[in-house]
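Heads up: the structure comes next, in structure tokens.
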Amino acid sequence: MLTRFFLMGLDKKAGVLLTVLAVLAVAVPVMALGTAPDSPWHISTHTVALLGKYLCFALLALSLDLVWGFVGILSLGHAAFFTLGGYAMGMYLMRQIGSRGMYGNADLPDFMVFLNWTELPWYWHGFDQFWFAAIMVMLVPGLLAFAFGWFAFRSRVTGVYLSIITQALTFALMLAFFRNDMGFGGNNGLTDFKEILGFDIQAASTRVGLFVATVVALAAGYILASAVVASKLGKVLIAVRDAESRVRFLGYETDRYKLFAWTLSACMAGVAGALYVPQVGIINPSEFSPASSIEAVIWVAVGGRGTLAGPVLGAVLVNFGKSYFTAALPEFWLFALGGLFVLVTLFLPKGILGLAAQLRDRLPARATVTAKPADQKGV
Amino acid sequence: MSTEDTLLYLDGVSVSFDGFRALNSLSLVIEPGEMRAIIGPNGAGKTTMMDVITGKTRPDTGTILFEGRTDLTSLREPAIANLGIGRKFQRPTVFEMHTVWDNLELSLKAPRRPLKTLTYSATREDRARIEEILDITRLSPRRDRPAGSLSHGEKQWLEIGMLLAQDPKLLLVDEPVAGMTDAETEQTAHLLKDIAGKHSVIVVEHDMVFVRELGVKVTVLHEGSVLAEGSLDTVSANKQVIDVYLGR
Amino acid sequence: MHRAFCWLLAAFLALAAPASFAADLAPLVRGLGAGSYAETEKAIAGLAETGDPAVVPVIEALQAGDLHVRKADGAVVVAKRAGNGYALTDPLTGAALGEADRNAVEKIRINNALRRTISATLGALTLMSPDAGTRRQAAEAVFKSRDANALDALNTALAKETDERVRRAMTQARASVLLAGEAPDADKIAAVAVLQERGDQDARALLNGAANTGSDAVKDAAMKAIASVEQRLALWGAAQNLWYGLSLGSVLLLAAIGLAVTFGVMGVINMAHGEMVMIGAYATFLVQEAFRQWAPGLFDFSILVALPVAFLVSGAVGVAIERSVIRWLYGRPLETLLATWGLSLALQQAVRSIFGPTNREVGAPSWMSGAFELGGLTITYGRLWIVVFAFLVFGALLVALRKTWFGLSIRAVTQNRSMANAMGIRTARVDALTFGLGSGIAGLAGVALSQIDNVSPNLGQGYIIDSFMVVVFGGVGNLWGTLVGALALGGVNKFLEPYAGAVLGKILVLIFIILFIQRRPRGLFALKGRAVEA
Ligand SMILES: Nc1ncnc2c1ncn2[C@@H]1O[C@H](COP(=O)(O)OP(=O)(O)O)[C@@H](O)[C@H]1O
Ligand SMILES: [Mg+2]
């Protein structure tokens with residue numbers, strides 16, 4: 001029953017994507033750990049972390065596509081959920097430092113000692129346990145999303161208004177986390193991590209482990225999102241996207257549907273953030289900035305909104321471009337990113353995957369519309 | 001007749017928009033199993049009446065009771081729909097990205113809660129029912145087409161099909177034959193008469209030929225209240241009604 | 001002819017008079033160096049009697065111990081150490097008199113009795129100065145120093161004083177001296193009343209002193225006075241906060257008005273709006289550079305020239321954006337949002353590439369710098385002008401939309417595009433110009449903001465979220481709503497600041513708006529009707 005549920009969303013696109021992920025999960029460890037450093041097949045831990053970072057962004061893009069592509073909620077604040085997940089993980093990593101910090105205090109992270117705090121704030125308790133942090137990674141963004149969405153959807157805030165208040169949300173969080181007395185390290189955020197689950201966080205094998213974990217999380221997120229989207233609930237979501245009030249007159253409480261997708265999406269974003277932090281080694285309030293949220297939107301748009309696989313592709317491509325250009329032509333990057341926003345919205349409204357589909361349909365040999373699988377009618 | 005025996009009971013319902021009275025102390029009673037035609041010039045408030053019944057617009061004053069007991073004025077749209085009131089819009093609204101089949105499946109009477117729909121898979125009966133509606137609405141050949149690709153008339157029929165799938169106690173049908181050919185109009189009239197056997201129906205229509213075809217009791221709406229009520233012939237002979245339609 | 005001559009003569013005489021007056025002082029100054037303390041005191045009294053302000057530096061020099069007698073001719077000179085010897089100057093004229101050996105001059109000694117005389121004389125002299133401003137300053141100085149020696153001088157000066165403001169200052173100075181020193185209770189209580197009327201922080205400090213040290217009756221009076229002063233201070237504090245709120249509100253208003261046009265009237269989400277503001281600020285910078293280069297004397301007018309320039313530059317950029325990007329995206333607000341965000345990134349980078357990433361120096365014209373006091377309020381001219389300017393722009397826009405043909409076309413197009421088209425209004429052109437208008441107003445905001453904010457490529461970023469909040473809070477499509485929204489948010493922000501701090505205040509405001517929008521999704525002054533629901 002459950003496997004059927006998870007398998008029903010999987011199509012050809014999913015097959016390609018999951019295969020690529022499976023190959024990565026095997027090839028990257030082998031190349032990073034199993035080859036000599038001077039071998040042409042070798043990849044450095046730096047590259048592994050970079051790839052891992054891209055995949056975290058891909059998971060964020062996937063979560064964003066779930067709400068933007070399928071429910072029509074353009075969130076300009078998804079970085080908030082991502083970063084909250086990141087902070088939850090960061091807090092665990094901070095607690096793992098223990099007395100190895102600069103001040104050697106076994107209980108308090110360095111920045112608290114620096115601020116002359118004598119006691120761990122209540123909300124830091126429990127984060128020394130991995131399982132607790134792992135729950136918080138999803139629970140905190142999920143609860144925030146739930147509360148926010150509950151108000152927003154009930155009062156029927158939609159469209160641009162919703163986008164703008166999501167932006168205000170992440171902006172407010174950014175301002176809050178910049179404050180030292182919030183107890184999250186202020187400007188500097190959380191950093192100088194030492195180990196995760198007892199493994200040295202700098203070690204190549206740990207990096208590879210984190211990478212594999214990210215691949216698994218992305219694959220799981222993808223399968224889950226596909227299943228949700230393919231279910232009848234997914235069809236309701238699409239109907240809400242296209243004609244919300246009509247759906248209400250069919251008797252569906254659209255608020256609850258939106259809330260479900262929105263909260264699920266926030267949890268996924270939180271997981272992405274949690275995997276991101278140990279791989280880049282730092283989390284600070286600037287991740288909350290509205291600009292990072294909007295950047296995530298462009299990944300989705302580039303890849304093709306409403307396609308799930310597209311955003312994954314888009315996130316990897318755009319971030320690869322970013323890494324390349326910010327190193328090679330730093331001045332050029334913002335022009336490129338800005339141009340990307342304009343060009344994609346004007347000329348590529350369905351993104352790369354949409355374009356591919358269009359081109360395929362144009363080819364005369366394949367012109368016949370592929371009929372939908374016959375699963376809904378008689379079996 | 002007491003209010004308990006009515007299916008829908010409107011009393012003194014008023015709505016105004018920025019000072020303009022769209023409904024002016026409107027009262028109307030529909031009995032179980034009844035089919036009623038509502039006519040009236042443009043802007044008479046026919047669509048607004050459906051809006052207040054279905055919860056889209058809140059009335060400023062007045063009572064609206066469903067089955068003599070449920071007060072509709074305090075309920076939200078989904079709750080009203082789940083009581084068994086279905087609606088076809090004046091401008092056909094179907095889910096354009098979904099196939100005809102999916103449109104019907106979404107409308108089909110089934111649990112509406114998110115977790116139920118997440119794990120829903122169509123039963124044999126569900127599929128049979130959808131096939132049946134496809135036949136009735138003559139959309140079987142189009143079942144796998146996106147609804148957006150249908151013609152205007154087909155969309156009207158799909159929307160009626162969605163109403164059937166919902167299986168409501170009361171159907172509100174707003175201008176179902178607008179933009180249809182004469183032949184289609186006639187078919188629609190037959191279809192609605194079939195439905196009327198098992199459900200109550202309120203049809204709003206301009207098309208007098210169509211209303212005559214239905215052959216049911218007619219209510220004339222004008223400036224937000226009832227001007228006349230009775231058979232089509234009686235109201236057509238009513239002096240006031242003639243003034244409203246022709247005299248202006 | 002004859003009259004003119006008389007005037008000229010009179011003027012000449014008036015000019016000549018001080019010179020002869022100064023000549024009379026010389027022997028008196030010489031008397032300071034006569035030898036004995038008694039003679040010096042007599043000379044001081046003589047100098048004081050002249051009431052001439054030119055005497056003041058001489059006596060100050062005496063007080064500071066700089067006054068010497070040149071042994072060679074007995075002349076009194078100011079001697080300041082220079083290397084091994086002294087540099088000499090004339091005490092009255094300040095003219096240099098060459099250098100002298102250490103032994104060639106002798107210091108004029110003063111004892112404690114003399115010191116008192118000197119400070120009393122100094123106070124009296126400045127208190128008697130013919131210039132009312134100087135007298136007032138002197139009185140303020142006494143108020144601060146609470147110097148009991150100045151009391152006699154104060155009393156004399158008060159008896160003669162005719163200027164109302166100076167009189168008040170002197171009375172307060174007298175009260176401060178009395179309260180700080182020894183005086184009968186009745187006098188002290190009268191002094192308390194005077195200070196209570198003054199009612200500022202200084203007065204409160206003095207009263208606090210009296211409340212701690214005085215006799216019971218004085219203590220009592222002082223306590224009451226403190227309560228009243230504190231109430232008054234709180235009132236002024238609130239007024240100051242109100243002013244800050246108004247000031248922030250008008251900055252928000254300036255930033256948001258343009259958005260009210262593009263978003264409110266046209267329904268276009270322009271995320272590059274902040275960059276239009278930024279471009280206006282850079283236009284101001286360029287105009288000022290041009291003035292510095294070619295007409296530094298006219299620098300005070302640079303801002304006035306910058307206004308139309310900024311309006312046109314930002315407006316032109318706006319029109320270009322509308323024609324090239326936005327017009328393809330009408331009816332797709334979310335896409336418009338993304339595309340204009342992309343434009344904002346590119347514009348920021350363009351400005352960064354051209355002008356560099358650092359802040360640019362934009363100067364304030366003289367009529368915008370400085371501050372004045374209004375009761376207990378301190379108001380800077382820069383802020384005052386921005387408030388005035390914001391309201392002017394708002395009023396001008398209102399008139400433009402209501403009374404001009406262009407405004408009529410804008411409203412026609414927004415209400416019913418196809419009908420307007422059918423009536424011969426060129427809708428595409430109206431769109432472009434409307435967007436240009438909104439952007440141009442943003443440029444004007446840039447001129448104003450260049451006066452109070454750092455002119456950097458990021459300037460606009462700081463305002464975009466706030467501007468959207470204002471427009472959404474006030475109600476889209478309603479200019480009055482924007483006005484009320486801006487002032488309300490500005491006021492609330494500044495009101496919260498003293499309690500919550502700037503950042504927390506801002507967060508609270510954001511949370512408030514988020515909640516508010518959820519209560520009233522269409523803002524304070526919502527439009528109703530079908531058009532909105534579509
Ligand atoms: N949401 C609304 N806002 C403003 N006016 C409305 C709204 N809904 C209906 N109206 C007005 O109410 C009147 C009745 O409209 P409607 O019920 O659509 O008439 P009918 O369907 O009989 O043609 C019309 O004048 C219409 O403009
Ligand atoms: Mg109608």
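Identifiers in this document derive from the order of the structure tokens: chains are assigned A, B, ..., residues are numbered from 1 separately in each chain, and ligands are numbered from 1 in order of occurrence.
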Exercise for the section: Report as an NGL selection string which protein, DNA and RNA residues come within 8 Å of ligand 2, using only C-alpha atoms and all ligand atoms. Expected result: :B and (42-43 or 45-48 or 90 or 174-175)
Exercise for the section: Find the spatial neighbours of Gly148 of chain B, counting only C-alpha atoms, within a cut-off of 9 Å - ignore same-chain residues fewer than 3 positions away - and output them as a ChimeraX atom specification. Expected result: /B:94-99,145,151,155
Write the residues you've just listed into a file as a tab-separated table (two decimals), in the first residue's frame, and include N, CA, C and O atoms for each of them.
chain	number	residue	atom	x	y	z
B	94	VAL	N	-13.69	25.55	-15.25
B	94	VAL	CA	-13.24	24.18	-15.03
B	94	VAL	C	-11.74	24.25	-14.81
B	94	VAL	O	-11.13	25.31	-14.97
B	95	PHE	N	-11.15	23.15	-14.38
B	95	PHE	CA	-9.71	23.18	-14.12
B	95	PHE	C	-8.99	22.87	-15.42
B	95	PHE	O	-8.86	21.72	-15.83
B	96	GLU	N	-8.51	23.91	-16.05
B	96	GLU	CA	-8.06	23.82	-17.42
B	96	GLU	C	-6.86	22.90	-17.60
B	96	GLU	O	-6.70	22.28	-18.64
B	97	MET	N	-5.99	22.82	-16.58
B	97	MET	CA	-4.78	22.01	-16.74
B	97	MET	C	-5.08	20.52	-16.48
B	97	MET	O	-4.27	19.66	-16.82
B	98	HIS	N	-6.19	20.26	-15.85
B	98	HIS	CA	-6.53	18.87	-15.58
B	98	HIS	C	-7.32	18.29	-16.75
B	98	HIS	O	-8.01	19.00	-17.48
B	99	THR	N	-7.25	16.97	-16.88
B	99	THR	CA	-8.03	16.31	-17.92
B	99	THR	C	-9.51	16.33	-17.53
B	99	THR	O	-9.85	16.60	-16.37
B	145	ARG	N	-8.36	14.63	-22.56
B	145	ARG	CA	-7.92	15.96	-22.99
B	145	ARG	C	-7.89	16.90	-21.79
B	145	ARG	O	-8.75	16.81	-20.92
B	151	SER	N	-14.22	23.09	-26.19
B	151	SER	CA	-14.94	24.24	-26.71
B	151	SER	C	-15.80	24.82	-25.59
B	151	SER	O	-15.99	24.19	-24.55
B	155	LYS	N	-17.26	22.91	-22.30
B	155	LYS	CA	-16.93	23.30	-20.92
B	155	LYS	C	-18.21	23.44	-20.09
B	155	LYS	O	-18.25	23.03	-18.93
Practice task
Check every protein, DNA and RNA residue against ligand 1, keep those with an atom at most 12 Å away (counting only C-alpha atoms and all ligand atoms), and present them as a VMD selection string.
Solution key: (chain B and resid 14 to 24 38 to 52 56 to 59 89 to 91 173 to 175 203 to 206 220 to 226) or (chain C and resid 527 to 534)
Fill in the blank from the handout: Using only C-alpha atoms, the residue out of A:Glu119, A:Asn187, A:Glu244, A:Phe249 with shortest distance to Leu175 of chain A is A:Asn187
Exercise for the section: Go ahead and compute the interatomic distance for atom CA of Arg520 of chain C and atom CA of Phe151 of chain A, in Å to one decimal. Expected result: 11.4 Å
Problem - Residues within 6 Å of Arg135 of chain C, only C-alpha atoms, excluding chain neighbours under 4 positions, as a PyMOL selection string - result: chain C and resi 126-127+129
Handout entry: Residues near segment 211-218 of chain A, cut-off 7 Å, only C-alpha atoms, skip fewer than 2 positions along chain, as a list in words
Key = Leu21, Ala25, Val48, Gly52, Leu55, Cys56, Leu59, Arg207, Val208, Gly209, Ala220, Gly221, Tyr222 and Leu275 of chain A
Practice task
Enumerate, as a PyMOL selection string, the complete set of residues in segment 84-174 of chain A that a backbone-based DSSP assignment places in helix (DSSP H, G or I).
Solution key: chain A and resi 84-100+110-114+122-124+130-154+159-174
Please produce a file of the residues just selected, as a PDB file, in the first residue's frame, where the atoms kept are C-alpha atoms.
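Saved to part.pdb:
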ATOM      1  CA  LEU A  84      16.060  27.867  10.520  1.00  0.00           C
ATOM      2  CA  GLY A  85      16.810  24.236   9.702  1.00  0.00           C
ATOM      3  CA  GLY A  86      20.429  25.264   9.336  1.00  0.00           C
ATOM      4  CA  TYR A  87      20.464  26.962  12.720  1.00  0.00           C
ATOM      5  CA  ALA A  88      18.934  23.911  14.371  1.00  0.00           C
ATOM      6  CA  MET A  89      21.760  21.795  12.988  1.00  0.00           C
ATOM      7  CA  GLY A  90      24.275  24.529  13.773  1.00  0.00           C
ATOM      8  CA  MET A  91      23.173  24.499  17.414  1.00  0.00           C
ATOM      9  CA  TYR A  92      23.827  20.777  17.596  1.00  0.00           C
ATOM     10  CA  LEU A  93      27.254  21.254  16.054  1.00  0.00           C
ATOM     11  CA  MET A  94      28.003  24.088  18.495  1.00  0.00           C
ATOM     12  CA  ARG A  95      27.162  21.885  21.435  1.00  0.00           C
ATOM     13  CA  GLN A  96      29.448  19.191  20.044  1.00  0.00           C
ATOM     14  CA  ILE A  97      32.413  21.568  20.300  1.00  0.00           C
ATOM     15  CA  GLY A  98      32.200  21.211  24.062  1.00  0.00           C
ATOM     16  CA  SER A  99      35.268  22.472  25.890  1.00  0.00           C
ATOM     17  CA  ARG A 100      37.376  22.665  22.749  1.00  0.00           C
ATOM     18  CA  ASP A 110      32.191  30.745  22.823  1.00  0.00           C
ATOM     19  CA  PHE A 111      29.981  33.641  21.813  1.00  0.00           C
ATOM     20  CA  MET A 112      27.930  33.265  24.985  1.00  0.00           C
ATOM     21  CA  VAL A 113      31.025  33.289  27.142  1.00  0.00           C
ATOM     22  CA  PHE A 114      32.110  36.370  25.248  1.00  0.00           C
ATOM     23  CA  TRP A 122      16.399  27.380  27.671  1.00  0.00           C
ATOM     24  CA  TYR A 123      15.977  27.031  23.926  1.00  0.00           C
ATOM     25  CA  TRP A 124      19.492  25.658  23.613  1.00  0.00           C
ATOM     26  CA  PHE A 130      21.485  14.557  17.571  1.00  0.00           C
ATOM     27  CA  TRP A 131      18.024  13.055  17.530  1.00  0.00           C
ATOM     28  CA  PHE A 132      16.606  16.147  19.167  1.00  0.00           C
ATOM     29  CA  ALA A 133      18.302  18.466  16.706  1.00  0.00           C
ATOM     30  CA  ALA A 134      17.153  16.276  13.831  1.00  0.00           C
ATOM     31  CA  ILE A 135      13.547  16.662  14.937  1.00  0.00           C
ATOM     32  CA  MET A 136      13.936  20.382  15.432  1.00  0.00           C
ATOM     33  CA  VAL A 137      15.361  20.721  11.938  1.00  0.00           C
ATOM     34  CA  MET A 138      11.921  19.916  10.601  1.00  0.00           C
ATOM     35  CA  LEU A 139       9.756  20.958  13.523  1.00  0.00           C
ATOM     36  CA  VAL A 140      10.882  24.557  13.817  1.00  0.00           C
ATOM     37  CA  PRO A 141      10.458  25.544  10.165  1.00  0.00           C
ATOM     38  CA  GLY A 142       7.336  23.413  10.026  1.00  0.00           C
ATOM     39  CA  LEU A 143       5.731  25.119  13.012  1.00  0.00           C
ATOM     40  CA  LEU A 144       6.626  28.562  11.777  1.00  0.00           C
ATOM     41  CA  ALA A 145       5.206  27.751   8.358  1.00  0.00           C
ATOM     42  CA  PHE A 146       2.116  26.263   9.921  1.00  0.00           C
ATOM     43  CA  ALA A 147       1.439  29.309  12.081  1.00  0.00           C
ATOM     44  CA  PHE A 148       2.164  31.740   9.296  1.00  0.00           C
ATOM     45  CA  GLY A 149       0.160  29.801   6.752  1.00  0.00           C
ATOM     46  CA  TRP A 150      -2.745  29.236   9.098  1.00  0.00           C
ATOM     47  CA  PHE A 151      -3.239  32.982   9.436  1.00  0.00           C
ATOM     48  CA  ALA A 152      -2.400  33.866   5.877  1.00  0.00           C
ATOM     49  CA  PHE A 153      -4.495  31.238   4.101  1.00  0.00           C
ATOM     50  CA  ARG A 154      -7.494  31.634   6.356  1.00  0.00           C
ATOM     51  CA  GLY A 159      -0.718  36.354  -4.944  1.00  0.00           C
ATOM     52  CA  VAL A 160       1.649  39.246  -4.656  1.00  0.00           C
ATOM     53  CA  TYR A 161       0.448  40.150  -1.195  1.00  0.00           C
ATOM     54  CA  LEU A 162       1.407  36.754   0.074  1.00  0.00           C
ATOM     55  CA  SER A 163       4.769  37.006  -1.653  1.00  0.00           C
ATOM     56  CA  ILE A 164       5.449  40.340  -0.049  1.00  0.00           C
ATOM     57  CA  ILE A 165       4.592  39.222   3.447  1.00  0.00           C
ATOM     58  CA  THR A 166       6.731  36.101   3.105  1.00  0.00           C
ATOM     59  CA  GLN A 167       9.520  38.463   2.226  1.00  0.00           C
ATOM     60  CA  ALA A 168       8.745  40.578   5.259  1.00  0.00           C
ATOM     61  CA  LEU A 169       8.825  37.415   7.373  1.00  0.00           C
ATOM     62  CA  THR A 170      12.332  36.442   6.365  1.00  0.00           C
ATOM     63  CA  PHE A 171      13.452  40.061   6.644  1.00  0.00           C
ATOM     64  CA  ALA A 172      12.140  40.273  10.187  1.00  0.00           C
ATOM     65  CA  LEU A 173      13.910  37.027  11.066  1.00  0.00           C
ATOM     66  CA  MET A 174      17.128  38.343   9.610  1.00  0.00           C
TER      67      MET A 174
END
Practice task
Return the neighbours of chain A among the residues of chain C, cut-off 6 Å, counting only C-alpha atoms, as a PyMOL selection string.
Solution key: chain C and resi 335+339+342-343+345-346+507+514+518+521
Exercise for the section: If you run DSSP over the backbone, which residues in segment 4-201 of chain B end up strand (DSSP E or B)? Put them as a ChimeraX atom specification. Expected result: /B:8-17,20-30,35-39,61-66,70-71,85-88,99,146,170-174,200-201
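All residues of protein, DNA or RNA that reach within 10 Å of Ser145 of chain C, judged by only C-alpha atoms and not counting those fewer than 3 positions away in the chain, are Ala139, Glu140, Ala141, Val142, Ala148, Ala150, Ala173, Ser176, Val177 and Ala180 of chain C.
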Handout entry: atom CA of Ala260 of chain C to atom CA of Trp328 of chain C, straight-line distance in Å
Key =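 Distance reported for this atom pair: 20.9 Å.
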Exercise for the section: Find the spatial neighbours of Glu182 of chain C, counting only C-alpha atoms, within a cut-off of 12 Å - ignore same-chain residues fewer than 2 positions away - and output them as JSON, numbers by chain. Expected result: {"C": [146, 147, 148, 149, 151, 175, 176, 177, 178, 179, 180, 184, 185, 186, 187, 188, 210, 213, 214, 215]}
Dump as a PDB file, in the first residue's frame, selection limited to N, CA, C and O atoms:
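Saved result, again.pdb, follows:
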ATOM      1  N   ARG C 146      27.091  78.985  37.990  1.00  0.00           N
ATOM      2  CA  ARG C 146      26.495  79.261  39.311  1.00  0.00           C
ATOM      3  C   ARG C 146      27.453  80.049  40.191  1.00  0.00           C
ATOM      4  O   ARG C 146      27.544  79.818  41.395  1.00  0.00           O
ATOM      5  N   ASP C 147      28.209  80.946  39.562  1.00  0.00           N
ATOM      6  CA  ASP C 147      29.266  81.676  40.263  1.00  0.00           C
ATOM      7  C   ASP C 147      28.655  82.788  41.129  1.00  0.00           C
ATOM      8  O   ASP C 147      28.067  83.736  40.617  1.00  0.00           O
ATOM      9  N   ALA C 148      28.831  82.663  42.430  1.00  0.00           N
ATOM     10  CA  ALA C 148      28.220  83.626  43.347  1.00  0.00           C
ATOM     11  C   ALA C 148      28.785  85.036  43.153  1.00  0.00           C
ATOM     12  O   ALA C 148      28.103  86.025  43.426  1.00  0.00           O
ATOM     13  N   ASN C 149      30.035  85.125  42.663  1.00  0.00           N
ATOM     14  CA  ASN C 149      30.644  86.440  42.463  1.00  0.00           C
ATOM     15  C   ASN C 149      29.899  87.278  41.435  1.00  0.00           C
ATOM     16  O   ASN C 149      30.017  88.492  41.433  1.00  0.00           O
ATOM     17  N   LEU C 151      26.884  87.664  41.173  1.00  0.00           N
ATOM     18  CA  LEU C 151      25.543  88.051  41.599  1.00  0.00           C
ATOM     19  C   LEU C 151      25.328  89.565  41.538  1.00  0.00           C
ATOM     20  O   LEU C 151      24.318  90.021  41.006  1.00  0.00           O
ATOM     21  N   ALA C 175      18.634  82.981  39.556  1.00  0.00           N
ATOM     22  CA  ALA C 175      18.008  81.913  40.328  1.00  0.00           C
ATOM     23  C   ALA C 175      18.987  80.762  40.533  1.00  0.00           C
ATOM     24  O   ALA C 175      19.060  80.180  41.619  1.00  0.00           O
ATOM     25  N   SER C 176      19.748  80.452  39.501  1.00  0.00           N
ATOM     26  CA  SER C 176      20.685  79.335  39.625  1.00  0.00           C
ATOM     27  C   SER C 176      21.744  79.651  40.667  1.00  0.00           C
ATOM     28  O   SER C 176      22.108  78.802  41.481  1.00  0.00           O
ATOM     29  N   VAL C 177      22.239  80.922  40.656  1.00  0.00           N
ATOM     30  CA  VAL C 177      23.250  81.317  41.637  1.00  0.00           C
ATOM     31  C   VAL C 177      22.668  81.242  43.050  1.00  0.00           C
ATOM     32  O   VAL C 177      23.280  80.672  43.946  1.00  0.00           O
ATOM     33  N   LEU C 178      21.476  81.782  43.188  1.00  0.00           N
ATOM     34  CA  LEU C 178      20.859  81.810  44.514  1.00  0.00           C
ATOM     35  C   LEU C 178      20.641  80.401  45.053  1.00  0.00           C
ATOM     36  O   LEU C 178      20.924  80.097  46.206  1.00  0.00           O
ATOM     37  N   LEU C 179      20.140  79.558  44.172  1.00  0.00           N
ATOM     38  CA  LEU C 179      19.783  78.218  44.623  1.00  0.00           C
ATOM     39  C   LEU C 179      21.015  77.420  45.000  1.00  0.00           C
ATOM     40  O   LEU C 179      20.994  76.603  45.916  1.00  0.00           O
ATOM     41  N   ALA C 180      22.120  77.664  44.246  1.00  0.00           N
ATOM     42  CA  ALA C 180      23.335  76.892  44.506  1.00  0.00           C
ATOM     43  C   ALA C 180      24.075  77.425  45.716  1.00  0.00           C
ATOM     44  O   ALA C 180      24.776  76.684  46.386  1.00  0.00           O
ATOM     45  N   PRO C 184      18.531  83.392  51.601  1.00  0.00           N
ATOM     46  CA  PRO C 184      17.359  83.137  52.445  1.00  0.00           C
ATOM     47  C   PRO C 184      16.367  82.223  51.734  1.00  0.00           C
ATOM     48  O   PRO C 184      16.329  82.189  50.499  1.00  0.00           O
ATOM     49  N   ASP C 185      15.583  81.484  52.518  1.00  0.00           N
ATOM     50  CA  ASP C 185      14.647  80.522  51.952  1.00  0.00           C
ATOM     51  C   ASP C 185      13.688  81.162  50.963  1.00  0.00           C
ATOM     52  O   ASP C 185      13.381  80.595  49.919  1.00  0.00           O
ATOM     53  N   ALA C 186      13.215  82.362  51.321  1.00  0.00           N
ATOM     54  CA  ALA C 186      12.238  83.015  50.447  1.00  0.00           C
ATOM     55  C   ALA C 186      12.820  83.192  49.047  1.00  0.00           C
ATOM     56  O   ALA C 186      12.180  82.881  48.041  1.00  0.00           O
ATOM     57  N   ASP C 187      14.104  83.681  48.988  1.00  0.00           N
ATOM     58  CA  ASP C 187      14.757  83.866  47.698  1.00  0.00           C
ATOM     59  C   ASP C 187      14.877  82.531  46.968  1.00  0.00           C
ATOM     60  O   ASP C 187      14.653  82.421  45.768  1.00  0.00           O
ATOM     61  N   LYS C 188      15.260  81.514  47.761  1.00  0.00           N
ATOM     62  CA  LYS C 188      15.448  80.195  47.131  1.00  0.00           C
ATOM     63  C   LYS C 188      14.147  79.677  46.546  1.00  0.00           C
ATOM     64  O   LYS C 188      14.128  79.103  45.453  1.00  0.00           O
ATOM     65  N   ALA C 210      18.900  71.172  44.875  1.00  0.00           N
ATOM     66  CA  ALA C 210      18.194  71.894  45.934  1.00  0.00           C
ATOM     67  C   ALA C 210      17.348  70.938  46.756  1.00  0.00           C
ATOM     68  O   ALA C 210      17.258  71.061  47.976  1.00  0.00           O
ATOM     69  N   THR C 213      19.683  69.260  49.324  1.00  0.00           N
ATOM     70  CA  THR C 213      20.466  69.994  50.313  1.00  0.00           C
ATOM     71  C   THR C 213      19.697  71.072  51.061  1.00  0.00           C
ATOM     72  O   THR C 213      20.066  71.403  52.175  1.00  0.00           O
ATOM     73  N   GLY C 214      18.678  71.642  50.433  1.00  0.00           N
ATOM     74  CA  GLY C 214      18.044  72.825  51.017  1.00  0.00           C
ATOM     75  C   GLY C 214      17.286  72.563  52.304  1.00  0.00           C
ATOM     76  O   GLY C 214      17.189  71.415  52.768  1.00  0.00           O
ATOM     77  N   SER C 215      16.730  73.615  52.867  1.00  0.00           N
ATOM     78  CA  SER C 215      15.890  73.474  54.054  1.00  0.00           C
ATOM     79  C   SER C 215      14.580  72.804  53.646  1.00  0.00           C
ATOM     80  O   SER C 215      14.320  72.620  52.455  1.00  0.00           O
TER      81      SER C 215
END
Handout entry: For atom CA of Ala58 of chain A and atom CA of Val316 of chain A, the interatomic separation in Å (one decimal)
Key =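 Straight-line distance from atom CA of Ala58 of chain A to atom CA of Val316 of chain A works out to 6.4 Å.
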Practice task
Can you pull out every residue within 12 Å of segment 236-249 of chain C, counting only C-alpha atoms, but drop anything in the same chain fewer than 5 positions away, and send it as a PyMOL selection string?
Solution key: chain C and resi 199-201+229-231+254-257+373-391+448-449+452+463+466-467+470+482-499
